[in-house]
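Step one of this worksheet: look at the structure below.
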Protein chains: 2
Amino acid sequence: MGHSADGDSAATDFLSFADIAVDTTAERLPGIDRSAMQMVLLLHRVASSIVYDLESTVHRPAGWSWSAFRLLFTLWVAGPRESRQVAHLSGMSRAAVSSLTKTLSASGLLARRSDERDRRAAILSLTARGADALETTFRAHNEREARWASLISEDELATLNGVLTKLARAAQGQEWISRRA
Amino acid sequence: MGHSADGDSAATDFLSFADIAVDTTAERLPGIDRSAMQMVLLLHRVASSIVYDLESTVHRPAGWSWSAFRLLFTLWVAGPRESRQVAHLSGMSRAAVSSLTKTLSASGLLARRSDERDRRAAILSLTARGADALETTFRAHNEREARWASLISEDELATLNGVLTKLARAAQGQEWISRRA
DNA sequence: AGCAGGCGGTCAATGGTTTTACGATCGGGG
DNA sequence: CCCCGATCGTAAAACCATTGACCGCCTGCT
């Protein structure tokens with residue numbers, strides 16, 4: 001009987017599907033790397049779930065898209081920066097930053113001035129109102145992050161963060177990785 | 001002097017920014033949950049990087065979007081399913097599945113028939129060509145997953161998968177989580 | 001100084017996803 | 001038996017992000 005392809009859809013949801021997918025695939029395609037597959041599947045699905053949850057409960061109600069939040073947060077942490085760098089640090093394209101900047105500066109959340117030394121460059125920074133709004137929203141954001149984190153033990157959380165940090169650091173040097181812009 | 005806001009942008013990239021962000025935030029906003037913040041930041045950034053890399057080196061060249069791949073893969077694993085279920089299992093909206101279905105069935109990769117019992121429902125399934133194409137693409141996909149996985153040790157990988165699995169399972173029952181559609 | 005090549009930001013076009021609304025269908029209660 | 005509400009898939013519209021082309025500016029070389 002086993003949990004074959006059809007049948008038990010009752011307990012199968014977006015997150016638990018990863019288990020089934022790995023088992024099925026390993027069976028049907030011998031030679032694939034099972035753990036690697038599991039890692040990517042889980043990372044993607046867990047991250048997506050968290051982002052969806054945060055966006056729909058915290059950021060959309062506040063009138064921001066997930067990207068807008070990331071942009072503002074990046075500025076809040078890194079301080080005034082060239083548009084190019086903000087794009088890089090927040091993980092979006094230069095065009096996306098340019099477009100978001102128009103909206104957010106119209107709302108008075110960020111300011112945009114051109115660099116004196118290099119007149120091509122635009123320097124973005126938060127306004128006082130922007131910093132204020134970000135801090136308020138971030139608190140709500142962090143409270144919800146804490147709920148997610150509480151689903152595992154403190155030790156497990158520390159372990160998770162440790163391994164993810166190592167993975168992120170190791171990825172930094174790799175030439176073969178295709179990166180944004 | 002420490003690594004304050006401006007200055008050392010040299011070694012700061014998308015992935016390593018997480019460290020700086022956590023430190024800066026913890027300093028400026030006492031009372032936030034540091035580990036929870038780190039977890040979400042890392043999960044999002046690592047997952048994004050992997051997805052971007054896979055999409056741009058494997059799926060786009062094959063003519064598929066990341067979502068198209070996920071849809072086909074879901075069908076390949078789960079077998080013929082109602083459109084509704086496919087959306088749920090692959091983590092997208094019903095509308096997105098409907099839209100993708102049009103494209104993919106035009107390419108002859110998947111078939112769409114209506115359920116006999118419930119004539120509202122549409123049942124999606126892979127064609128032979130679709131299954132073939134998926135298996136070929138998936139091998140390339142998995143090879144690249146393996147490169148990512150090789151950035152950490154086998155033990156660490158097993159640990160990572162263990163914790164992520166636990167997190168995914170724990171999330172399953174939670175009522176407070178906002179889920180897609 | 002002048003020019004060639006490269007880089008930063010923006011615009012237009014494109015593709016894909018979500019939201020909203022709707023027609024068709026199912027199922028249960030009066 | 002017939003509504004009524006709920007569900008399924010889809011179409012239309014809005015939104016958002018990416019790619020590619022472009023213009024202006026910087027820099028190094030001659």
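Ordered as shown in the structure tokens, chains take letters A, B, and onward, while each chain numbers its residues from 1 and ligands are numbered from 1 in the order shown.
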
Excluding Ile50 in chain A and its own-chain neighbours fewer than 5 positions away, which residues fall within 9 Å of it when counting only C-alpha atoms (C1' of nucleotides)? Please give them as number ranges by chain.
A: 45, 55, 145, 148; B: 40, 44, 177-178

Using only C-alpha atoms (C1' of nucleotides), tabulate the residues of chain C lying at most 8 Å from any atom of chain A, each with its closest atom pair and that distance in Å to one decimal, by chain and increasing residue number, as a tab-separated table.
residue	atom	partner	partner_atom	distance
C:DG8	C1'	A:Arg120	CA	5.5
C:DG9	C1'	A:Arg120	CA	7.1
C:DT10	C1'	A:Ser98	CA	7.3

Within 7 Å of range 64-76 of chain A using only C-alpha atoms (C1' of nucleotides), minus same-chain residues under 6 positions, as a PDB file with C-alpha atoms, in the first residue's frame:
ATOM      1  CA  GLU A  55       4.010  39.934   3.379  1.00  0.00           C
ATOM      2  CA  VAL A  86      21.181  49.327  -2.769  1.00  0.00           C
ATOM      3  CA  LEU A  89      22.425  44.584  -1.194  1.00  0.00           C
ATOM      4  CA  SER A  90      18.685  44.167  -1.342  1.00  0.00           C
ATOM      5  CA  LEU A 100      10.446  51.784  -6.382  1.00  0.00           C
ATOM      6  CA  SER A 125      18.587  57.746   1.935  1.00  0.00           C
ATOM      7  CA  LEU A 126      15.682  57.402   4.318  1.00  0.00           C
ATOM      8  CA  ALA A 131      13.035  55.635   9.275  1.00  0.00           C
ATOM      9  CA  LEU A 134      10.370  51.318   8.986  1.00  0.00           C
TER      10      LEU A 134
END

Would you mind listing, as a ChimeraX atom specification, all residues of chain A that have at least one atom within 6 Å of chain B, where only C-alpha atoms are what counts?
/A:5,13-15,21,36,39,43-44,47,53,77-79,89,145-146,149,151,161,168,170,178

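Set the cut-off at 9 Å, count only C-alpha atoms (C1' of nucleotides), and the residues of chain D near chain B turn out to be D:DT7, D:DC8, D:DG9, D:DT10.
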
List as a VMD selection string the protein and nucleic acid residues near DC1 in chain D, meaning an atom at most 12 Å away when only C-alpha atoms (C1' of nucleotides) are counted, but skip any in the same chain fewer than 2 places from it.
(chain C and resid 29 to 30) or (chain D and resid 3)

Using only C-alpha atoms (C1' of nucleotides), which residues sit within 9 Å of DT18 in chain C once same-chain residues fewer than 4 positions away are excluded, as a PyMOL selection string?
(chain B and resi 93+95-96) or (chain D and resi 14-15)

With all heavy atoms retained, export the selected residues as a JSON list (two decimals), in the first residue's frame.
[["chain", "number", "residue", "atom", "x", "y", "z"],
["B", 93, "SER", "N", -1.11, 30.29, -7.16],
["B", 93, "SER", "CA", -2.55, 30.54, -7.15],
["B", 93, "SER", "C", -3.23, 29.74, -8.25],
["B", 93, "SER", "O", -2.60, 29.31, -9.22],
["B", 93, "SER", "CB", -2.81, 32.02, -7.37],
["B", 93, "SER", "OG", -2.40, 32.40, -8.65],
["B", 95, "ALA", "N", -5.18, 30.86, -10.44],
["B", 95, "ALA", "CA", -5.09, 31.63, -11.68],
["B", 95, "ALA", "C", -3.75, 31.40, -12.38],
["B", 95, "ALA", "O", -3.70, 31.29, -13.61],
["B", 95, "ALA", "CB", -5.30, 33.10, -11.40],
["B", 96, "ALA", "N", -2.69, 31.32, -11.60],
["B", 96, "ALA", "CA", -1.38, 31.11, -12.21],
["B", 96, "ALA", "C", -1.30, 29.75, -12.89],
["B", 96, "ALA", "O", -0.76, 29.62, -13.98],
["B", 96, "ALA", "CB", -0.29, 31.24, -11.14],
["D", 14, "DA", "P", -7.08, 48.42, -14.79],
["D", 14, "DA", "OP1", -7.79, 49.63, -14.35],
["D", 14, "DA", "OP2", -6.31, 48.39, -16.06],
["D", 14, "DA", "O5'", -6.11, 47.97, -13.61],
["D", 14, "DA", "C5'", -6.70, 47.49, -12.40],
["D", 14, "DA", "C4'", -5.59, 47.06, -11.45],
["D", 14, "DA", "O4'", -5.05, 45.80, -11.86],
["D", 14, "DA", "C3'", -4.41, 48.05, -11.43],
["D", 14, "DA", "O3'", -4.02, 48.26, -10.08],
["D", 14, "DA", "C2'", -3.33, 47.33, -12.24],
["D", 14, "DA", "C1'", -3.65, 45.87, -12.00],
["D", 14, "DA", "N9", -3.27, 44.98, -13.11],
["D", 14, "DA", "C8", -3.48, 45.19, -14.44],
["D", 14, "DA", "N7", -3.04, 44.21, -15.20],
["D", 14, "DA", "C5", -2.50, 43.30, -14.30],
["D", 14, "DA", "C6", -1.88, 42.05, -14.48],
["D", 14, "DA", "N6", -1.68, 41.48, -15.66],
["D", 14, "DA", "N1", -1.47, 41.40, -13.36],
["D", 14, "DA", "C2", -1.67, 41.97, -12.16],
["D", 14, "DA", "N3", -2.24, 43.14, -11.88],
["D", 14, "DA", "C4", -2.64, 43.76, -13.01],
["D", 15, "DC", "P", -2.78, 49.18, -9.73],
["D", 15, "DC", "OP1", -3.09, 49.85, -8.44],
["D", 15, "DC", "OP2", -2.43, 49.96, -10.93],
["D", 15, "DC", "O5'", -1.63, 48.12, -9.47],
["D", 15, "DC", "C5'", -1.92, 46.96, -8.70],
["D", 15, "DC", "C4'", -0.69, 46.10, -8.62],
["D", 15, "DC", "O4'", -0.58, 45.31, -9.82],
["D", 15, "DC", "C3'", 0.62, 46.89, -8.50],
["D", 15, "DC", "O3'", 1.31, 46.41, -7.36],
["D", 15, "DC", "C2'", 1.36, 46.60, -9.81],
["D", 15, "DC", "C1'", 0.78, 45.26, -10.21],
["D", 15, "DC", "N1", 0.78, 44.98, -11.67],
["D", 15, "DC", "C2", 1.25, 43.73, -12.12],
["D", 15, "DC", "O2", 1.67, 42.92, -11.31],
["D", 15, "DC", "N3", 1.22, 43.46, -13.45],
["D", 15, "DC", "C4", 0.76, 44.37, -14.31],
["D", 15, "DC", "N4", 0.75, 44.04, -15.60],
["D", 15, "DC", "C5", 0.28, 45.64, -13.88],
["D", 15, "DC", "C6", 0.31, 45.90, -12.55]]
